[in-house]
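The structure file coords_28.txt is reproduced below (compact mmCIF, C-alpha atoms).
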# COMPACT_ATOMS: atom_id res chain seq x y z
CA MET A 746 9.25 44.24 -108.91
CA GLY A 747 11.72 41.90 -107.21
CA ALA A 748 9.88 42.08 -103.90
CA THR A 749 6.57 41.39 -105.62
CA THR A 750 7.99 38.40 -107.45
CA THR A 751 9.43 36.96 -104.23
CA ALA A 752 6.14 37.37 -102.41
CA THR A 753 4.24 35.74 -105.25
CA THR A 754 6.65 32.80 -105.31
CA ALA A 755 6.34 32.33 -101.56
CA GLN A 756 2.54 32.32 -101.82
CA SER A 757 2.75 29.81 -104.67
CA ARG A 758 4.92 27.49 -102.61
CA VAL A 759 2.50 27.60 -99.70
CA ALA A 760 -0.34 27.04 -102.17
CA TRP A 761 1.18 23.90 -103.67
CA ALA A 762 1.70 22.41 -100.21
CA ASP A 763 -1.92 23.05 -99.24
CA VAL A 764 -3.05 21.72 -102.61
CA ALA A 765 -1.13 18.51 -101.90
CA LYS A 766 -2.69 18.25 -98.44
CA GLY A 767 -6.14 18.84 -99.94
CA VAL A 768 -5.66 16.03 -102.44
CA CYS A 769 -4.31 13.73 -99.73
CA ILE A 770 -7.26 14.21 -97.40
CA LEU A 771 -9.67 13.51 -100.26
CA LEU A 772 -7.77 10.30 -101.02
CA VAL A 773 -7.81 9.28 -97.34
CA VAL A 774 -11.59 9.70 -97.15
CA LEU A 775 -12.04 7.93 -100.49
CA TRP A 776 -9.91 4.99 -99.26
CA HIS A 777 -12.03 4.59 -96.14
CA VAL A 778 -15.27 4.90 -98.11
CA ILE A 779 -14.17 2.17 -100.50
CA MET A 780 -12.63 -0.26 -98.04
CA LYS A 781 -14.96 0.13 -95.06
CA HIS A 782 -18.27 0.66 -96.84
CA TYR A 783 -18.32 0.25 -100.62
CA LEU A 784 -16.61 -3.15 -100.78
CA GLN A 785 -18.79 -4.44 -97.93
CA ILE A 786 -21.92 -4.14 -100.10
CA ASP A 787 -23.22 -7.28 -101.76
CA TRP A 788 -22.78 -6.16 -105.37
CA ARG A 789 -24.81 -8.69 -107.38
CA SER A 790 -24.77 -6.95 -110.74
CA ALA A 791 -21.95 -4.41 -110.75
CA GLY A 792 -19.54 -6.60 -112.67
CA PRO A 793 -15.87 -5.60 -112.33
CA ILE A 794 -16.64 -2.07 -111.12
CA PRO A 795 -16.22 -2.68 -107.35
CA ALA A 796 -12.98 -4.57 -107.92
CA ALA A 797 -11.74 -1.73 -110.12
CA TRP A 798 -12.48 0.83 -107.39
CA GLY A 799 -10.65 -1.34 -104.85
CA SER A 800 -7.63 -1.79 -107.10
CA PHE A 801 -7.52 1.93 -107.94
CA SER A 802 -7.51 2.89 -104.28
CA GLU A 803 -4.82 0.36 -103.40
CA GLN A 804 -2.55 1.75 -106.13
CA LEU A 805 -2.58 5.06 -104.28
CA LEU A 806 -1.31 3.60 -101.02
CA PRO A 807 2.33 4.67 -101.65
CA LEU A 808 1.14 8.22 -102.29
CA ARG A 809 -1.59 9.04 -99.77
CA MET A 810 -0.02 9.01 -96.33
CA PRO A 811 3.66 9.31 -97.35
CA LEU A 812 2.90 12.58 -99.17
CA PHE A 813 0.70 13.72 -96.28
CA PHE A 814 3.56 13.19 -93.83
CA ALA A 815 6.12 14.76 -96.14
CA ILE A 816 4.00 17.92 -96.29
CA SER A 817 3.57 17.79 -92.50
CA GLY A 818 7.35 17.67 -92.19
CA PHE A 819 7.64 20.52 -94.69
CA PHE A 820 5.44 22.71 -92.48
CA ALA A 821 7.23 21.56 -89.30
CA VAL A 822 10.65 23.05 -90.10
CA ASN A 823 10.21 26.23 -88.05
CA ALA A 824 8.36 24.48 -85.23
CA VAL A 825 11.14 21.95 -84.64
CA GLN A 826 13.65 24.80 -84.20
CA ARG A 827 11.73 26.25 -81.26
CA PRO A 828 12.58 25.50 -77.60
CA TRP A 829 11.46 22.19 -76.11
CA ARG A 830 8.76 23.81 -73.95
CA VAL A 831 7.18 25.41 -77.02
CA VAL A 832 7.31 22.24 -79.12
CA ALA A 833 5.98 20.18 -76.22
CA ARG A 834 2.94 22.44 -75.87
CA THR A 835 2.14 23.47 -79.44
CA ARG A 836 2.88 20.17 -81.13
CA VAL A 837 3.38 17.17 -78.83
CA ALA A 838 0.72 17.95 -76.21
CA LYS A 839 -1.66 19.26 -78.86
CA PHE A 840 -1.57 16.16 -81.04
CA PHE A 841 -1.71 13.74 -78.11
CA TYR A 842 -4.64 15.70 -76.69
CA LEU A 843 -6.50 15.59 -80.01
CA TYR A 844 -5.74 11.90 -80.40
CA ALA A 845 -7.04 11.02 -76.91
CA LEU A 846 -10.12 13.24 -77.25
CA TRP A 847 -11.19 11.90 -80.63
CA LEU A 848 -10.34 8.34 -79.64
CA CYS A 849 -13.00 8.71 -76.93
CA ILE A 850 -15.47 10.13 -79.46
CA HIS A 851 -14.75 7.43 -82.05
CA THR A 852 -15.03 4.68 -79.45
CA ALA A 853 -18.41 5.99 -78.28
CA VAL A 854 -19.86 6.38 -81.79
CA LEU A 855 -18.51 3.10 -83.14
CA ALA A 856 -20.11 1.24 -80.24
CA PHE A 857 -23.47 1.95 -81.90
CA VAL A 858 -22.40 0.45 -85.25
CA PRO A 859 -20.79 -2.90 -84.38
CA ASP A 860 -21.04 -4.16 -87.98
CA PHE A 861 -18.80 -1.39 -89.31
CA HIS A 862 -15.45 -2.99 -90.12
CA THR A 863 -12.71 -0.89 -88.58
CA GLU A 864 -10.26 -0.81 -85.68
CA ARG A 865 -12.18 -0.19 -82.48
CA ALA A 866 -11.82 -0.57 -78.72
CA THR A 867 -14.30 -3.12 -77.38
CA GLY A 868 -13.26 -2.85 -73.74
CA PRO A 869 -11.01 -0.99 -71.28
CA ARG A 870 -7.94 -3.06 -72.21
CA ASP A 871 -8.39 -2.37 -75.93
CA PHE A 872 -8.94 1.31 -75.23
CA LEU A 873 -5.79 1.55 -73.12
CA ALA A 874 -3.80 -0.22 -75.84
CA GLN A 875 -5.09 2.18 -78.49
CA LEU A 876 -4.33 5.13 -76.25
CA THR A 877 -0.73 4.06 -75.73
CA ILE A 878 0.98 1.44 -77.91
CA THR A 879 -1.39 0.37 -80.70
CA PRO A 880 -3.06 3.45 -82.21
CA SER A 881 -6.52 3.49 -83.71
CA ASN A 882 -7.65 4.87 -87.06
CA LEU A 883 -6.53 8.24 -85.70
CA TRP A 884 -2.91 7.08 -85.76
CA TYR A 885 -1.80 10.07 -87.85
CA LEU A 886 -2.24 12.34 -84.81
CA SER A 887 -0.31 10.15 -82.40
CA ALA A 888 2.38 9.64 -85.03
CA LEU A 889 2.84 13.39 -85.45
CA ALA A 890 3.30 13.86 -81.71
CA LEU A 891 5.96 11.12 -81.65
CA TYR A 892 7.66 12.45 -84.79
CA PHE A 893 8.10 15.90 -83.27
CA VAL A 894 9.72 14.39 -80.19
CA PHE A 895 12.02 12.27 -82.36
CA ALA A 896 12.93 15.21 -84.61
CA LYS A 897 13.90 17.30 -81.59
CA LEU A 898 15.97 14.48 -80.08
CA VAL A 899 18.01 13.86 -83.24
CA ARG A 900 18.41 17.45 -84.41
CA ARG A 901 22.19 17.32 -83.83
CA VAL A 902 22.63 13.88 -85.40
CA PRO A 903 23.85 13.88 -89.03
CA THR A 904 20.90 14.06 -91.38
CA ALA A 905 22.07 11.19 -93.58
CA LEU A 906 22.31 8.88 -90.57
CA VAL A 907 18.83 9.79 -89.31
CA LEU A 908 17.25 9.30 -92.73
CA ALA A 909 19.07 6.00 -93.29
CA ALA A 910 17.84 4.66 -89.95
CA ALA A 911 14.28 5.81 -90.62
CA PHE A 912 14.36 4.28 -94.12
CA ALA A 913 15.59 0.99 -92.66
CA LEU A 914 12.77 1.03 -90.11
CA SER A 915 10.23 1.68 -92.86
CA ALA A 916 11.66 -1.07 -95.08
CA ILE A 917 11.81 -3.64 -92.31
CA THR A 918 8.25 -2.86 -91.22
CA ALA A 919 6.83 -2.99 -94.75
CA SER A 920 8.58 -6.30 -95.34
CA GLY A 921 6.86 -7.89 -92.36
CA TYR A 922 9.93 -8.44 -90.19
CA LEU A 923 8.40 -6.58 -87.24
CA ASP A 924 5.30 -7.50 -85.27
CA VAL A 925 3.07 -4.47 -85.83
CA PRO A 926 -0.48 -5.07 -84.60
CA GLY A 927 -3.23 -2.61 -85.42
CA ASN A 928 -1.96 0.64 -86.87
CA ARG A 929 1.47 0.49 -85.27
CA GLY A 930 3.03 -0.42 -88.62
CA PRO A 931 2.11 2.81 -90.45
CA VAL A 932 3.64 4.80 -87.59
CA TYR A 933 6.97 3.05 -88.15
CA GLN A 934 6.74 3.21 -91.94
CA ASN A 935 5.98 6.91 -92.31
CA LEU A 936 8.60 8.45 -90.02
CA VAL A 937 11.07 8.58 -92.91
CA PHE A 938 8.65 10.63 -95.02
CA PHE A 939 8.03 13.16 -92.26
CA LEU A 940 11.80 13.53 -91.89
CA ALA A 941 12.19 13.79 -95.67
CA GLY A 942 9.82 16.75 -95.68
CA LEU A 943 11.54 18.25 -92.65
CA TYR A 944 15.09 17.98 -94.02
CA GLY A 945 14.19 18.28 -97.69
CA LYS A 946 12.08 21.44 -97.64
CA PRO A 947 14.30 23.32 -100.14
CA LEU A 948 14.22 20.37 -102.53
CA MET A 949 10.43 20.10 -102.30
CA GLU A 950 10.10 23.82 -102.98
CA LEU A 951 12.37 23.43 -106.00
CA LEU A 952 10.33 20.48 -107.33
CA ALA A 953 7.09 22.43 -107.03
CA ASP A 954 8.56 25.62 -108.48
CA ARG A 955 10.03 23.85 -111.54
CA ALA A 956 7.09 21.53 -112.10
CA SER A 957 6.25 20.82 -115.75
CA TRP A 958 4.32 18.22 -117.67
CA PRO A 959 7.49 16.60 -119.10
CA ARG A 960 8.94 16.34 -115.57
CA LEU A 961 5.70 14.82 -114.32
CA ALA A 962 5.79 12.25 -117.11
CA MET A 963 9.45 11.42 -116.37
CA ILE A 964 8.59 10.76 -112.73
CA GLY A 965 5.26 9.10 -113.44
CA GLY A 966 6.83 6.48 -115.71
CA PRO A 967 9.06 4.82 -113.07
CA TYR A 968 6.29 5.22 -110.50
CA ALA A 969 3.82 3.38 -112.74
CA VAL A 970 6.36 0.62 -113.41
CA LEU A 971 6.91 0.13 -109.69
CA LEU A 972 3.17 -0.01 -109.05
CA VAL A 973 2.77 -2.64 -111.77
CA LEU A 974 5.67 -4.60 -110.31
CA ILE A 975 4.21 -4.48 -106.81
CA GLU A 976 0.77 -5.53 -108.06
CA ALA A 977 1.95 -8.27 -110.42
CA PHE A 978 4.40 -9.93 -108.05
CA ASP A 979 2.79 -8.97 -104.74
CA ALA A 980 6.09 -7.25 -104.09
CA LYS A 981 5.10 -4.93 -101.25
CA THR A 982 7.12 -7.08 -98.86
CA TRP A 983 10.30 -6.96 -100.95
CA LEU A 984 12.83 -5.32 -98.68
CA GLY A 985 13.12 -1.61 -99.43
CA LEU A 986 10.73 -1.55 -102.38
CA TRP A 987 7.76 -0.04 -100.57
CA PRO A 988 9.54 3.02 -99.11
CA LEU A 989 11.30 3.48 -102.45
CA ALA A 990 7.96 3.51 -104.28
CA SER A 991 6.58 5.92 -101.69
CA GLY A 992 9.56 8.23 -102.12
CA ILE A 993 9.00 8.36 -105.87
CA ALA A 994 5.30 8.92 -105.21
CA ILE A 995 6.14 11.95 -103.05
CA VAL A 996 8.23 13.46 -105.85
CA PHE A 997 5.37 12.77 -108.25
CA GLY A 998 2.82 14.28 -105.86
CA VAL A 999 4.82 17.45 -105.19
CA THR A 1000 5.36 17.95 -108.94
CA ALA A 1001 1.67 17.39 -109.64
CA ALA A 1002 0.71 19.82 -106.87
CA GLY A 1003 3.00 22.43 -108.40
CA LEU A 1004 1.20 22.00 -111.71
CA LEU A 1005 -2.26 22.13 -110.12
CA THR A 1006 -1.52 25.55 -108.62
CA ARG A 1007 -1.49 26.96 -112.15
CA SER A 1008 -5.26 26.50 -112.21
CA ARG A 1009 -6.83 29.26 -110.12
CA THR A 1010 -10.06 27.32 -109.60
CA LEU A 1011 -8.35 24.11 -108.47
CA THR A 1012 -5.93 26.02 -106.28
CA LYS A 1013 -8.71 27.86 -104.47
CA GLY A 1014 -10.73 24.73 -103.75
CA LEU A 1015 -7.84 22.45 -102.80
CA THR A 1016 -6.03 25.01 -100.63
CA HIS A 1017 -9.32 25.53 -98.79
CA LEU A 1018 -9.36 21.81 -98.04
CA GLY A 1019 -5.63 21.62 -97.40
CA SER A 1020 -5.82 24.21 -94.63
CA ARG A 1021 -8.74 22.38 -92.99
CA THR A 1022 -7.63 18.76 -93.03
CA LEU A 1023 -7.87 18.23 -89.27
CA PRO A 1024 -11.68 18.38 -88.89
CA ILE A 1025 -12.11 16.20 -91.97
CA TYR A 1026 -9.61 13.67 -90.68
CA VAL A 1027 -11.06 13.31 -87.18
CA MET A 1028 -14.78 13.46 -88.09
CA HIS A 1029 -15.19 11.51 -91.32
CA MET A 1030 -14.81 8.02 -89.85
CA PRO A 1031 -17.68 8.11 -87.31
CA LEU A 1032 -19.84 9.85 -89.90
CA LEU A 1033 -18.98 7.14 -92.42
CA ALA A 1034 -19.87 4.47 -89.85
CA LEU A 1035 -23.31 6.01 -89.38
CA LEU A 1036 -23.82 6.32 -93.15
CA HIS A 1037 -22.77 2.71 -93.61
CA ALA A 1038 -25.30 1.55 -91.02
CA ALA A 1039 -28.03 3.49 -92.81
CA LEU A 1040 -27.10 2.43 -96.36
CA ILE A 1041 -25.85 -1.14 -96.20
CA ASP A 1042 -29.21 -2.94 -96.02
CA PRO A 1043 -30.95 -0.82 -98.69
CA MET A 1044 -27.94 -1.22 -100.98
CA ASN A 1045 -27.80 -4.98 -100.47
CA ALA A 1046 -31.50 -5.24 -101.33
CA ALA A 1047 -31.48 -2.74 -104.21
CA ASP A 1048 -32.58 -3.65 -107.73
CA THR A 1049 -29.74 -4.86 -109.94
CA HIS A 1050 -30.05 -1.87 -112.29
CA ILE A 1051 -29.88 0.55 -109.36
CA GLN A 1052 -26.89 -1.31 -107.95
CA PHE A 1053 -25.04 -1.01 -111.23
CA LEU A 1054 -25.65 2.75 -111.44
CA VAL A 1055 -24.71 3.34 -107.82
CA ALA A 1056 -21.57 1.20 -108.08
CA VAL A 1057 -20.09 3.57 -110.64
CA GLY A 1058 -20.15 6.74 -108.58
CA GLU A 1059 -20.98 6.03 -104.94
CA PRO A 1060 -17.36 6.32 -103.68
CA LEU A 1061 -17.03 9.82 -105.17
CA VAL A 1062 -20.46 10.94 -103.98
CA LEU A 1063 -19.96 9.72 -100.42
CA THR A 1064 -16.44 11.19 -100.28
CA ALA A 1065 -17.72 14.60 -101.35
CA LEU A 1066 -20.65 14.36 -98.92
CA LEU A 1067 -18.47 13.41 -95.96
CA VAL A 1068 -15.96 16.19 -96.63
CA ALA A 1069 -18.74 18.77 -97.00
CA VAL A 1070 -20.48 17.67 -93.78
CA CYS A 1071 -17.20 17.77 -91.86
CA LEU A 1072 -16.50 21.32 -93.01
CA VAL A 1073 -20.00 22.46 -92.13
CA LEU A 1074 -19.90 20.86 -88.69
CA ARG A 1075 -16.55 22.51 -88.00
CA ARG A 1076 -18.24 25.90 -88.16
CA PHE A 1077 -20.58 25.06 -85.29
CA LEU A 1078 -18.44 22.85 -83.05
CA PRO A 1079 -16.38 24.37 -80.22
CA GLY A 1080 -12.71 25.14 -80.70
CA PRO A 1081 -11.38 22.77 -77.98
CA LEU A 1082 -12.44 19.86 -80.18
CA PHE A 1083 -9.76 20.87 -82.66
CA ASP A 1084 -7.04 22.54 -80.63
CA LEU A 1085 -5.43 22.37 -77.22
CA PRO A 1086 -7.66 24.51 -74.98
CA ILE A 1087 -4.84 25.65 -72.67
CA ARG A 1088 -2.91 28.61 -73.97
CA ALA A 1089 0.46 29.56 -72.52
CA VAL A 1090 0.89 33.09 -71.17
CA PRO A 1091 3.12 35.08 -73.54
CA ALA A 1092 6.68 35.42 -72.36
CA THR A 1093 6.41 39.25 -72.37
CA ALA A 1094 3.41 39.28 -70.05
CA PRO A 1095 5.29 39.19 -66.69
CA ARG A 1096 7.64 41.98 -67.78
CA HIS A 1097 4.67 44.02 -68.98
CA ARG A 1098 2.88 43.57 -65.64
CA ALA A 1099 6.03 44.57 -63.78
CA GLN A 1100 6.33 47.75 -65.85
CA VAL A 1101 2.68 48.62 -65.18
CA SER A 1102 3.16 48.02 -61.44
CA ALA A 1103 6.23 50.25 -61.41
CA ARG A 1104 4.36 53.07 -63.16
CA THR A 1105 1.32 52.84 -60.87
CA GLY A 1106 3.33 52.34 -57.71
CA ARG A 1107 1.65 49.02 -56.92

Structure rendered as structure tokens:
Amino acid sequence: MGATTTATTAQSRVAWADVAKGVCILLVVLWHVIMKHYLQIDWRSAGPIPAAWGSFSEQLLPLRMPLFFAISGFFAVNAVQRPWRVVARTRVAKFFYLYALWLCIHTAVLAFVPDFHTERATGPRDFLAQLTITPSNLWYLSALALYFVFAKLVRRVPTALVLAAAFALSAITASGYLDVPGNRGPVYQNLVFFLAGLYGKPLMELLADRASWPRLAMIGGPYAVLLVLIEAFDAKTWLGLWPLASGIAIVFGVTAAGLLTRSRTLTKGLTHLGSRTLPIYVMHMPLLALLHAALIDPMNAADTHIQFLVAVGEPLVLTALLVAVCLVLRRFLPGPLFDLPIRAVPATAPRHRAQVSARTGR
């Protein structure tokens, strides 16, 4: 009985983390749908609906990527403990490879949709900058590669010191004290959340395991107050407020994910997404650009009644469509598009070959 209970708890903890990742990737796609397509439509008769969608999505900014990175750190605990050569191949090289590969794909596709409003390389200099110092919309991948290097370098430094420095970097960046062109700013801001997941794995497990509706309400109250404060006073640039709000959002998100795992249906669907976030992340933007190019003129010219009806639900419909298409395409696309194609020879292989040679006399 004890062994069964332990196994069930372990599965539940993995489930809540994948549930959180599944929710985060849906929110990322929804954010891009709203900001890069939906709000670019000339809504003549939708009233306050487009503004409401925009405001709703902006309120989730402290939750989306901070929680995503915290979960990434949560899953990185064992990987960071491995030797440098293993981390360099399985994490650093892999994420840089994926970033460079999909940067090429994004650049090629986005060249055909110049009216799609997003970060893009318009020449060799821009491409080189995005490849090295100013990441593109794929910045999550390059950030992960850098975070693994940083985590390995500081593994013997006191945890409190590392977290304090990362929090200061996040606070200073969010407050506008650093020059952060393109998507360089989010890379600086989210390091602290990756480290929080890496160092705080036991605490995150405890939050998810003891999740309850009263606890969620106790966390949600201060989080809502902070969101109102940020919105009312445009307080995102107040020093330290943004990473603080994001930290509370992570606690809220982990608690909510723990509660969601109590629904078998939601757990099954969201863990399915949570274990497949990579293809959704890398493919949804060029697909959205193509959809935008196809839809923008018809939507601008649509009848006012049609516009009103579409305004209510288009963000949800397009988000679901993009996620579904990404998952379907993943089944047919080759593996090297989603993983480093070079595999290291297992460490036991040379010894095994030597033993075979000794037995055969070769």

Please report as a tab-separated table every residue of stretch 902-942 of chain A lying within 8 Å of stretch 882-889 of chain A, along with the nearest atom pair and their distance in Å (one decimal), using only C-alpha atoms.
residue	atom	partner	partner_atom	distance
A:Asn928	CA	A:Trp884	CA	6.6
A:Arg929	CA	A:Trp884	CA	7.9
A:Val932	CA	A:Ala888	CA	5.6

How would the residues just picked look written out with C-alpha atoms as a compact mmCIF listing (two decimals), keeping the file's coordinate frame?
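See result.txt below for the written result:
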# COMPACT_ATOMS: atom_id res chain seq x y z
CA ASN A 928 -1.96 0.64 -86.87
CA ARG A 929 1.47 0.49 -85.27
CA VAL A 932 3.64 4.80 -87.59

Within 10 Å of (-9.6, 8.4, -82.0) in the file's own coordinates, which protein, DNA or RNA residues have an atom, counting only C-alpha atoms? List them as an mmCIF file with C-alpha atoms, in the coordinates of the input.
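So point_7.cif came out as:
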data_model
loop_
_atom_site.group_PDB
_atom_site.id
_atom_site.type_symbol
_atom_site.label_atom_id
_atom_site.label_comp_id
_atom_site.auth_asym_id
_atom_site.auth_seq_id
_atom_site.Cartn_x
_atom_site.Cartn_y
_atom_site.Cartn_z
ATOM 1 C CA LEU A 843 -6.500 15.590 -80.010
ATOM 2 C CA TYR A 844 -5.740 11.900 -80.400
ATOM 3 C CA ALA A 845 -7.040 11.020 -76.910
ATOM 4 C CA LEU A 846 -10.120 13.240 -77.250
ATOM 5 C CA TRP A 847 -11.190 11.900 -80.630
ATOM 6 C CA LEU A 848 -10.340 8.340 -79.640
ATOM 7 C CA CYS A 849 -13.000 8.710 -76.930
ATOM 8 C CA ILE A 850 -15.470 10.130 -79.460
ATOM 9 C CA HIS A 851 -14.750 7.430 -82.050
ATOM 10 C CA THR A 852 -15.030 4.680 -79.450
ATOM 11 C CA ALA A 853 -18.410 5.990 -78.280
ATOM 12 C CA GLU A 864 -10.260 -0.810 -85.680
ATOM 13 C CA ARG A 865 -12.180 -0.190 -82.480
ATOM 14 C CA ALA A 866 -11.820 -0.570 -78.720
ATOM 15 C CA PHE A 872 -8.940 1.310 -75.230
ATOM 16 C CA GLN A 875 -5.090 2.180 -78.490
ATOM 17 C CA LEU A 876 -4.330 5.130 -76.250
ATOM 18 C CA PRO A 880 -3.060 3.450 -82.210
ATOM 19 C CA SER A 881 -6.520 3.490 -83.710
ATOM 20 C CA ASN A 882 -7.650 4.870 -87.060
ATOM 21 C CA LEU A 883 -6.530 8.240 -85.700
ATOM 22 C CA TRP A 884 -2.910 7.080 -85.760
ATOM 23 C CA TYR A 885 -1.800 10.070 -87.850
ATOM 24 C CA LEU A 886 -2.240 12.340 -84.810
ATOM 25 C CA SER A 887 -0.310 10.150 -82.400
ATOM 26 C CA VAL A 1027 -11.060 13.310 -87.180
ATOM 27 C CA MET A 1028 -14.780 13.460 -88.090
ATOM 28 C CA MET A 1030 -14.810 8.020 -89.850
ATOM 29 C CA PRO A 1031 -17.680 8.110 -87.310
#

key: Long-range neighbours of A:Leu989 as a PyMOL selection string, 12 Å cut-off, all atoms listed in the file, 3 positions minimum in chain   = chain A and resi 807-808+811+912-913+915-916+919+934-935+937-938+967-968+971-972+975+981-986+992-996

task = Find the distance between atom CA of A:Val907 and atom CA of A:Gly945 and write it in Å to one decimal.
result = 12.8 Å

query = Need the neighbours of (-13.8, 5.4, -96.6): which residues are at most 10 Å away, counting only C-alpha atoms, as a list in words?
reply = Leu771, Leu772, Val773, Val774, Leu775, Trp776, His777, Val778, Ile779, Met780, Lys781, His782, Tyr783, Leu784, His1029, Met1030, Leu1033, Ala1034, His1037, Pro1060, Leu1063, Thr1064 and Leu1067 of chain A

ask   = Could you work out how far atom CA of A:Arg1021 lies from atom CA of A:Leu1085, giving the answer in Å with one decimal?
value =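 Taking atom CA of A:Leu1085 and atom CA of A:Arg1021, their separation equals 16.1 Å.
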
ask   = Any idea what the distance is between atom CA of A:Pro947 and atom CA of A:Val832?
value = 22.2 Å

Which residue of A:Ala791, A:Val768, A:Ala890, A:Val925 approaches A:Glu1059 most closely, using all atoms listed in the file =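 Nearest to A:Glu1059: A:Ala791.
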
ask   = Quick one: residues within 12 Å of A:Ala1038, all atoms listed in the file counted, chain neighbours fewer than 6 positions away excluded, as a count of residues only?
value = 18
